file start-v5.txt (compact mmCIF, C-alpha atoms)
# COMPACT_ATOMS: atom_id res chain seq x y z
CA MET A 208 17.77 -150.31 105.94
CA ASN A 209 16.31 -149.47 102.51
CA GLU A 210 17.93 -147.73 99.58
CA VAL A 211 16.32 -144.35 100.37
CA ALA A 212 17.91 -144.33 103.81
CA LEU A 213 21.28 -145.32 102.31
CA VAL A 214 21.08 -142.46 99.79
CA GLY A 215 20.33 -140.07 102.65
CA ILE A 216 23.36 -141.29 104.57
CA GLY A 217 25.34 -141.00 101.34
CA LEU A 218 24.69 -137.26 101.53
CA LEU A 219 26.54 -137.29 104.85
CA THR A 220 29.48 -139.18 103.35
CA GLY A 221 29.72 -136.48 100.69
CA VAL A 222 29.93 -133.81 103.40
CA THR A 223 32.55 -135.71 105.38
CA THR A 224 34.58 -136.41 102.23
CA VAL A 225 34.96 -132.71 101.43
CA LEU A 226 35.03 -131.17 104.90
CA LEU A 227 36.84 -133.82 106.94
CA GLY A 228 38.71 -135.97 104.44
CA PHE A 229 36.64 -139.05 105.29
CA GLY A 230 36.05 -140.66 101.90
CA GLY A 231 33.22 -142.61 103.44
CA GLY A 232 34.94 -145.18 105.62
CA PHE A 233 33.97 -143.95 109.04
CA VAL A 234 30.40 -143.35 107.97
CA ALA A 235 30.02 -146.27 105.57
CA VAL A 236 31.30 -149.02 107.88
CA PRO A 237 28.72 -148.56 110.68
CA VAL A 238 25.94 -148.01 108.13
CA VAL A 239 26.68 -151.14 106.11
CA VAL A 240 27.07 -153.15 109.33
CA TRP A 241 23.50 -152.12 110.18
CA ALA A 242 22.20 -152.60 106.62
CA ASP A 243 23.66 -156.11 106.41
CA ALA A 244 23.03 -157.12 110.00
CA ASP A 245 21.55 -160.43 108.80
CA LEU A 246 25.09 -161.56 108.04
CA GLY A 247 25.91 -161.59 111.74
CA ALA A 248 29.62 -161.39 112.48
CA ASP A 249 30.46 -161.32 108.76
CA ALA A 250 28.69 -157.97 108.35
CA ILE A 251 31.88 -156.14 109.36
CA ARG A 252 33.84 -157.87 106.57
CA VAL A 253 31.27 -156.86 103.95
CA ALA A 254 31.12 -153.35 105.43
CA THR A 255 34.90 -152.96 105.25
CA ALA A 256 35.01 -154.10 101.62
CA THR A 257 32.02 -151.96 100.61
CA SER A 258 33.57 -149.01 102.40
CA ALA A 259 36.72 -149.36 100.29
CA LEU A 260 34.72 -149.00 97.05
CA VAL A 261 32.76 -146.01 98.38
CA MET A 262 35.99 -144.36 99.53
CA LEU A 263 37.69 -145.00 96.20
CA VAL A 264 34.97 -143.29 94.16
CA ASN A 265 34.40 -140.45 96.63
CA ALA A 266 38.10 -139.74 97.10
CA ALA A 267 38.79 -139.88 93.35
CA PHE A 268 36.00 -137.42 92.60
CA ALA A 269 36.96 -135.10 95.46
CA THR A 270 40.60 -135.13 94.36
CA ALA A 271 39.67 -134.43 90.73
CA VAL A 272 37.86 -131.23 91.73
CA THR A 273 40.50 -130.05 94.24
CA PRO A 274 42.59 -127.05 93.08
CA ARG A 275 45.98 -128.07 91.70
CA ARG A 276 47.73 -125.55 93.98
CA VAL A 277 46.48 -127.50 97.00
CA LEU A 278 47.51 -130.89 95.61
CA ALA A 279 50.97 -129.46 94.85
CA ALA A 280 51.82 -130.11 98.51
CA LEU A 281 52.06 -133.82 97.63
CA ARG A 282 54.80 -133.37 95.04
CA GLY A 283 57.61 -135.80 95.72
CA SER A 284 55.33 -138.13 97.70
CA GLY A 285 55.72 -141.07 95.30
CA PRO A 286 57.39 -143.37 97.87
CA LEU A 287 54.69 -142.56 100.44
CA LEU A 288 51.91 -143.35 97.94
CA ALA A 289 53.57 -146.61 96.90
CA LEU A 290 53.94 -147.80 100.50
CA LEU A 291 50.33 -146.81 101.26
CA ALA A 292 49.23 -149.07 98.40
CA VAL A 293 51.46 -151.96 99.52
CA GLY A 294 50.18 -151.70 103.08
CA ALA A 295 46.57 -151.50 101.88
CA ALA A 296 46.95 -154.67 99.83
CA ALA A 297 48.31 -156.50 102.87
CA GLY A 298 45.49 -155.18 105.07
CA ALA A 299 42.80 -156.18 102.57
CA LEU A 300 44.21 -159.71 102.36
CA ALA A 301 44.32 -159.94 106.15
CA THR A 302 40.64 -158.99 106.31
CA ARG A 303 39.72 -162.11 104.30
CA HIS A 304 41.39 -164.44 106.81
CA ALA A 305 40.99 -162.70 110.17
CA PRO A 306 38.03 -163.47 112.47
CA ALA A 307 35.18 -161.06 111.67
CA ARG A 308 34.76 -159.88 115.26
CA GLN A 309 38.44 -158.97 115.35
CA ALA A 310 37.91 -156.35 112.65
CA HIS A 311 34.83 -154.96 114.41
CA TRP A 312 36.48 -154.47 117.78
CA GLY A 313 39.71 -153.38 116.13
CA PHE A 314 37.73 -150.56 114.50
CA VAL A 315 36.21 -149.59 117.85
CA ALA A 316 39.57 -149.67 119.65
CA TYR A 317 41.39 -147.70 116.98
CA VAL A 318 38.81 -144.91 116.86
CA ALA A 319 38.83 -144.67 120.67
CA LEU A 320 42.63 -144.40 120.78
CA THR A 321 42.56 -141.78 118.04
CA ILE A 322 40.04 -139.63 119.91
CA VAL A 323 42.16 -139.77 123.07
CA ASP A 324 45.29 -138.90 121.09
CA LEU A 325 43.66 -135.90 119.39
CA LEU A 326 42.32 -134.59 122.70
CA LEU A 327 45.48 -135.00 124.77
CA ARG A 328 48.48 -134.67 122.45
CA PRO A 329 49.30 -131.15 121.22
CA GLY A 330 49.40 -130.32 117.55
CA PHE A 331 45.84 -131.07 116.44
CA LEU A 332 43.35 -129.13 118.55
CA ARG A 333 46.14 -126.91 119.88
CA PRO A 334 48.55 -126.20 117.01
CA ARG A 335 52.05 -125.16 118.02
CA GLY A 336 51.80 -121.90 116.11
CA PRO A 337 49.36 -119.76 114.11
CA VAL A 338 47.60 -121.87 111.49
CA PRO A 339 47.62 -120.26 108.02
CA GLU A 340 44.22 -119.85 106.41
CA SER A 341 45.53 -118.94 102.97
CA ARG A 342 48.61 -118.95 100.79
CA GLU A 343 49.32 -115.32 101.70
CA THR A 344 50.11 -116.24 105.31
CA HIS A 345 52.75 -118.66 104.05
CA ARG A 346 54.39 -115.85 102.09
CA GLU A 347 54.29 -113.58 105.11
CA GLY A 348 56.17 -116.15 107.14
CA ALA A 349 53.47 -116.59 109.77
CA ARG A 350 54.47 -120.22 109.99
CA GLU A 351 57.17 -122.40 108.49
CA VAL A 352 56.37 -124.34 105.33
CA PRO A 353 54.55 -127.60 106.18
CA ARG A 354 56.73 -130.68 106.36
CA PRO A 355 56.11 -133.71 104.09
CA LEU A 356 54.89 -136.91 105.70
CA PRO A 357 57.66 -139.51 106.12
CA ALA A 358 57.34 -142.25 103.49
CA VAL A 359 57.94 -144.92 106.15
CA LEU A 360 54.45 -144.20 107.55
CA GLY A 361 52.83 -145.41 104.33
CA ALA A 362 52.89 -149.18 104.93
CA PRO A 363 51.41 -149.19 108.48
CA ILE A 364 48.80 -146.55 107.60
CA GLY A 365 47.73 -148.47 104.51
CA ALA A 366 47.57 -151.82 106.31
CA VAL A 367 45.52 -150.57 109.27
CA ALA A 368 43.24 -148.48 107.07
CA ALA A 369 42.40 -151.35 104.69
CA PHE A 370 42.02 -153.93 107.46
CA LEU A 371 39.59 -151.78 109.46
CA GLY A 372 37.93 -150.00 106.52
CA VAL A 373 38.77 -146.53 107.85
CA GLY A 374 40.37 -145.22 104.66
CA GLY A 375 43.45 -143.74 106.28
CA SER A 376 42.09 -140.24 106.84
CA VAL A 377 41.92 -140.80 110.58
CA MET A 378 45.70 -141.15 110.47
CA THR A 379 46.63 -138.84 107.61
CA VAL A 380 44.55 -135.79 108.60
CA PRO A 381 46.10 -135.55 112.11
CA ALA A 382 49.55 -136.25 110.67
CA LEU A 383 49.16 -133.58 107.98
CA ARG A 384 47.87 -131.06 110.52
CA ARG A 385 50.78 -131.72 112.86
CA ALA A 386 53.07 -131.33 109.85
CA GLY A 387 51.86 -127.73 109.56
CA HIS A 388 48.78 -127.77 107.31
CA PRO A 389 45.49 -126.07 108.21
CA MET A 390 42.47 -128.37 108.42
CA ARG A 391 41.14 -127.18 105.06
CA VAL A 392 44.30 -128.35 103.28
CA ALA A 393 44.89 -131.46 105.44
CA THR A 394 41.43 -132.82 104.64
CA ALA A 395 41.83 -132.16 100.91
CA LEU A 396 45.22 -133.90 100.81
CA ALA A 397 43.80 -136.83 102.81
CA ASN A 398 41.42 -137.60 99.93
CA ALA A 399 44.34 -137.90 97.52
CA LEU A 400 46.22 -140.19 99.91
CA THR A 401 43.07 -142.27 100.38
CA LEU A 402 43.17 -143.17 96.68
CA ALA A 403 46.42 -145.07 97.17
CA ILE A 404 44.80 -147.07 99.98
CA ALA A 405 41.33 -147.63 98.51
CA LEU A 406 42.43 -148.77 95.03
CA PRO A 407 44.25 -152.01 96.00
CA ALA A 408 41.81 -152.66 98.86
CA THR A 409 38.86 -152.40 96.47
CA ALA A 410 40.50 -154.55 93.80
CA LEU A 411 41.14 -157.35 96.28
CA SER A 412 37.67 -157.05 97.80
CA LEU A 413 35.96 -157.32 94.40
CA THR A 414 37.96 -160.27 93.09
CA GLY A 415 37.54 -163.91 93.95
CA THR A 416 34.69 -165.69 95.67
CA ASP A 417 33.90 -165.83 99.33
CA ALA A 418 31.81 -168.04 101.58
CA VAL A 419 29.77 -165.00 102.62
CA ALA A 420 28.52 -164.45 99.07
CA ALA A 421 27.56 -168.10 98.72
CA ARG A 422 25.04 -168.01 101.55
CA THR A 423 23.38 -164.65 101.22
CA HIS A 424 20.69 -163.00 99.09
CA LEU A 425 22.67 -159.76 98.96
CA HIS A 426 24.13 -158.47 95.68
CA LEU A 427 27.74 -159.21 96.59
CA VAL A 428 30.70 -159.10 94.24
CA GLY A 429 33.50 -160.62 96.24
CA LEU A 430 32.82 -159.04 99.61
CA VAL A 431 31.34 -155.79 98.25
CA ASP A 432 27.64 -155.05 98.68
CA LEU A 433 26.97 -153.24 95.38
CA ARG A 434 23.46 -152.23 96.40
CA ALA A 435 24.67 -150.39 99.50
CA ALA A 436 27.70 -148.91 97.72
CA GLY A 437 25.59 -147.61 94.82
CA ALA A 438 23.04 -145.97 97.11
CA LEU A 439 25.72 -144.32 99.24
CA LEU A 440 27.51 -142.96 96.15
CA LEU A 441 24.26 -141.70 94.64
CA GLY A 442 23.85 -139.46 97.66
CA ALA A 443 27.51 -138.51 98.07
CA LEU A 444 28.74 -137.43 94.63
CA PRO A 445 26.39 -134.44 94.05
CA VAL A 446 27.25 -133.12 97.52
CA ILE A 447 30.98 -133.39 96.84
CA ALA A 448 30.59 -131.43 93.59
CA MET A 449 28.54 -128.71 95.29
CA LEU A 450 30.80 -128.28 98.34
CA ARG A 451 34.00 -128.26 96.28
CA ARG A 452 32.52 -125.47 94.16
CA ARG A 453 31.35 -123.43 97.15
CA PRO A 454 33.28 -124.61 100.23
CA PRO A 455 32.03 -123.21 103.55
CA ARG A 456 34.41 -121.03 105.53
CA ILE A 457 34.92 -122.67 108.91
CA PRO A 458 37.37 -121.35 111.55
CA ASP A 459 40.31 -123.71 111.80
CA ARG A 460 39.84 -124.49 115.49
CA ALA A 461 36.14 -125.26 115.02
CA TYR A 462 37.09 -127.38 112.02
CA ALA A 463 39.41 -129.49 114.20
CA TRP A 464 36.79 -129.92 116.92
CA SER A 465 34.19 -131.03 114.36
CA TYR A 466 36.62 -133.76 113.25
CA VAL A 467 36.85 -135.08 116.80
CA ALA A 468 33.08 -134.81 117.24
CA LEU A 469 32.38 -136.95 114.18
CA LEU A 470 34.84 -139.59 115.35
CA SER A 471 32.97 -139.69 118.66
CA VAL A 472 29.62 -140.19 116.91
CA VAL A 473 31.07 -143.04 114.85
CA GLU A 474 32.55 -144.66 117.94
CA VAL A 475 29.16 -144.67 119.68
CA SER A 476 27.51 -146.07 116.54
CA MET A 477 29.94 -148.98 116.31
CA LEU A 478 29.56 -149.75 120.02
CA LEU A 479 25.78 -149.90 119.59
CA ALA A 480 26.19 -152.12 116.53
CA GLY A 481 28.42 -154.52 118.47
call {"tool": "encode", "arguments": {"input": "start-v5.txt", "output": "structure tokens"}}
result
Amino acid sequence: MNEVALVGIGLLTGVTTVLLGFGGGFVAVPVVVWADADLGADAIRVATATSALVMLVNAAFATAVTPRRVLAALRGSGPLLALLAVGAAAGALATRHAPARQAHWGFVAYVALTIVDLLLRPGFLRPRGPVPESRETHREGAREVPRPLPAVLGAPIGAVAAFLGVGGSVMTVPALRRAGHPMRVATALANALTLAIALPATALSLTGTDAVAARTHLHLVGLVDLRAAGALLLGALPVIAMLRRRPPRIPDRAYAWSYVALLSVVEVSMLLAG
């Protein structure tokens, strides 16, 4: 897959970053697996590490241009952010030592379980009450104030997200929605939470040497494919800036279904890449 194709797919990661809270993980992992298919089983390890860098930059940029009133919902979330980072560091270290195929099929299994959960368990596609579309509905009492995520969830979310390269949004967006946030807010907050996961995961992926880098012609730093990451970011960042400035208005229910639909597309892609 050449750089032009990667830039084009980067455009998609920009859309998913803003609209669905996916900082690039669910799109970047299958794409880099395909782009670096010559690595065989080790392609998933490079894809996971490269995904962490793409997610870090995308999520940081998306968070920087998110209105402060939206990010205010994360006030008091210091313990959650700290545990996300600790879990992410553990997951990134585990990726270096686990069998490569384990990460690939772990990714496939986790996405499949998530899709089933979102379809069958109430609270995501079928909220338990009217979902507010603006701050005014909160003031009118249409629904109780959203609940904060329990800090104890941080370590397992961070570990699984870093190990599989999913970024955490597949866990945080459903959790935030079930806590009472509309999709528009849940996806924006997921980008901020992704920063706590992607930063330690990226640092560990970039540092040190690895046997994969020693036997490949790819431009690897640690386990990160800089060529693929740069092309993906080149496509993503302008889209993030544009969509944050003029976000599309999507009905909340359709928003939730589009989240499930993208997960399904990614699941099929990873099965085909297996």
call {"tool": "closest_residue", "arguments": {"input": "start-v5.txt", "among": "A:Gly215, A:Pro357, A:Pro389, A:Gly437", "to": "Gly283 of chain A", "atoms": "only C-alpha atoms"}}
result
A:Pro357
call {"tool": "residues_around", "arguments": {"input": "start-v5.txt", "residues": "Ala410 of chain A", "least_positions_apart": "5", "cutoff": "9 Å", "atoms": "only C-alpha atoms", "output": "number ranges by chain"}}
result
A: 260, 296, 405
call {"tool": "write_last_selection", "arguments": {"input": "start-v5.txt", "atoms": "C-alpha atoms", "output": "compact mmCIF listing (two decimals), keeping the file's coordinate frame"}}
result
# COMPACT_ATOMS: atom_id res chain seq x y z
CA LEU A 260 34.72 -149.00 97.05
CA ALA A 296 46.95 -154.67 99.83
CA ALA A 405 41.33 -147.63 98.51
call {"tool": "residues_around", "arguments": {"input": "start-v5.txt", "residues": "Ser471 of chain A", "least_positions_apart": "5", "cutoff": "9 Å", "atoms": "only C-alpha atoms", "output": "PyMOL selection string"}}
result
chain A and resi 318-319+322+466+476
call {"tool": "atom_distance", "arguments": {"input": "start-v5.txt", "atom1": "atom CA of His304 of chain A", "atom2": "atom CA of Leu406 of chain A"}}
result
19.6 Å
call {"tool": "closest_residue", "arguments": {"input": "start-v5.txt", "among": "A:Pro286, A:Pro237, A:Gly387, A:Pro329", "to": "Val253 of chain A", "atoms": "only C-alpha atoms"}}
result
A:Pro237
call {"tool": "atom_distance", "arguments": {"input": "start-v5.txt", "atom1": "atom CA of Gly372 of chain A", "atom2": "atom CA of Val236 of chain A"}}
result
6.8 Å
call {"tool": "residues_around", "arguments": {"input": "start-v5.txt", "residues": "Phe314 of chain A", "least_positions_apart": "2", "cutoff": "9 Å", "atoms": "only C-alpha atoms", "output": "PyMOL selection string"}}
result
chain A and resi 309-312+316-319+370-373+474+477
call {"tool": "closest_residue", "arguments": {"input": "start-v5.txt", "among": "A:Thr409, A:Thr273, A:Thr223, A:Ser376", "to": "Leu430 of chain A", "atoms": "only C-alpha atoms"}}
result
A:Thr409
call {"tool": "atom_distance", "arguments": {"input": "start-v5.txt", "atom1": "atom CA of Ala397 of chain A", "atom2": "atom CA of Val239 of chain A"}}
result
22.6 Å
call {"tool": "residues_near_point", "arguments": {"input": "start-v5.txt", "point": "(49.9, -136.6, 112.8)", "cutoff": "10 Å", "atoms": "only C-alpha atoms", "output": "PyMOL selection string"}}
result
chain A and resi 324-325+328+330-331+356+377-387
call {"tool": "closest_atom_pairs", "arguments": {"input": "start-v5.txt", "of": "segment 369-468 of chain A", "to": "segment 298-301 of chain A", "cutoff": "7 Å", "atoms": "all atoms listed in the file", "output": "Markdown table"}}
result
| residue | atom | partner | partner_atom | distance |
| --- | --- | --- | --- | --- |
| A:Ala369 | CA | A:Gly298 | CA | 4.9 |
| A:Phe370 | CA | A:Gly298 | CA | 4.4 |
| A:Ala408 | CA | A:Ala299 | CA | 5.2 |
| A:Leu411 | CA | A:Ala299 | CA | 6.6 |
call {"tool": "residues_around", "arguments": {"input": "start-v5.txt", "residues": "Asp243 of chain A", "least_positions_apart": "2", "cutoff": "9 Å", "atoms": "all atoms listed in the file", "output": "MDAnalysis selection string"}}
result
chainID A and resid 208 238:241 245:247 249:251 253:254 425 432
call {"tool": "closest_residue", "arguments": {"input": "start-v5.txt", "among": "A:Val211, A:Ala248, A:Ala279, A:Val392", "to": "Ala305 of chain A", "atoms": "only C-alpha atoms"}}
result
A:Ala248
call {"tool": "closest_residue", "arguments": {"input": "start-v5.txt", "among": "A:Val234, A:Val475, A:Ala295, A:Ala259", "to": "Leu413 of chain A", "atoms": "all atoms listed in the file"}}
result
A:Ala259
call {"tool": "closest_residue", "arguments": {"input": "start-v5.txt", "among": "A:Gly429, A:Val222, A:Gly361, A:Gly375", "to": "Val293 of chain A", "atoms": "all atoms listed in the file"}}
result
A:Gly361
call {"tool": "residues_near_point", "arguments": {"input": "start-v5.txt", "point": "(33.8, -134.2, 108.4)", "cutoff": "12 Å", "atoms": "all atoms listed in the file", "output": "compact mmCIF listing (two decimals) with C-alpha atoms, keeping the file's coordinate frame"}}
result
# COMPACT_ATOMS: atom_id res chain seq x y z
CA LEU A 218 24.69 -137.26 101.53
CA LEU A 219 26.54 -137.29 104.85
CA THR A 220 29.48 -139.18 103.35
CA GLY A 221 29.72 -136.48 100.69
CA VAL A 222 29.93 -133.81 103.40
CA THR A 223 32.55 -135.71 105.38
CA THR A 224 34.58 -136.41 102.23
CA VAL A 225 34.96 -132.71 101.43
CA LEU A 226 35.03 -131.17 104.90
CA LEU A 227 36.84 -133.82 106.94
CA GLY A 228 38.71 -135.97 104.44
CA PHE A 229 36.64 -139.05 105.29
CA GLY A 230 36.05 -140.66 101.90
CA GLY A 231 33.22 -142.61 103.44
CA GLY A 232 34.94 -145.18 105.62
CA PHE A 233 33.97 -143.95 109.04
CA VAL A 234 30.40 -143.35 107.97
CA SER A 376 42.09 -140.24 106.84
CA VAL A 377 41.92 -140.80 110.58
CA VAL A 380 44.55 -135.79 108.60
CA MET A 390 42.47 -128.37 108.42
CA ARG A 391 41.14 -127.18 105.06
CA ALA A 393 44.89 -131.46 105.44
CA THR A 394 41.43 -132.82 104.64
CA ALA A 395 41.83 -132.16 100.91
CA ALA A 397 43.80 -136.83 102.81
CA ASN A 398 41.42 -137.60 99.93
CA ILE A 447 30.98 -133.39 96.84
CA ILE A 457 34.92 -122.67 108.91
CA ALA A 461 36.14 -125.26 115.02
CA TYR A 462 37.09 -127.38 112.02
CA ALA A 463 39.41 -129.49 114.20
CA TRP A 464 36.79 -129.92 116.92
CA SER A 465 34.19 -131.03 114.36
CA TYR A 466 36.62 -133.76 113.25
CA VAL A 467 36.85 -135.08 116.80
CA ALA A 468 33.08 -134.81 117.24
CA LEU A 469 32.38 -136.95 114.18
CA LEU A 470 34.84 -139.59 115.35
CA SER A 471 32.97 -139.69 118.66
CA VAL A 472 29.62 -140.19 116.91
CA VAL A 473 31.07 -143.04 114.85
call {"tool": "axis_aligned_box", "arguments": {"input": "start-v5.txt", "around": "segment 351-364 of chain A", "padding_each_side": "8 Å", "output": "lines of an AutoDock Vina configuration file"}}
result
center_x = 53.4
center_y = -135.8
center_z = 106.0
size_x = 25.1
size_y = 42.8
size_z = 21.0
call {"tool": "residues_around", "arguments": {"input": "start-v5.txt", "residues": "Ala358 of chain A", "least_positions_apart": "4", "cutoff": "9 Å", "atoms": "all atoms listed in the file", "output": "PyMOL selection string"}}
result
chain A and resi 284-291+362
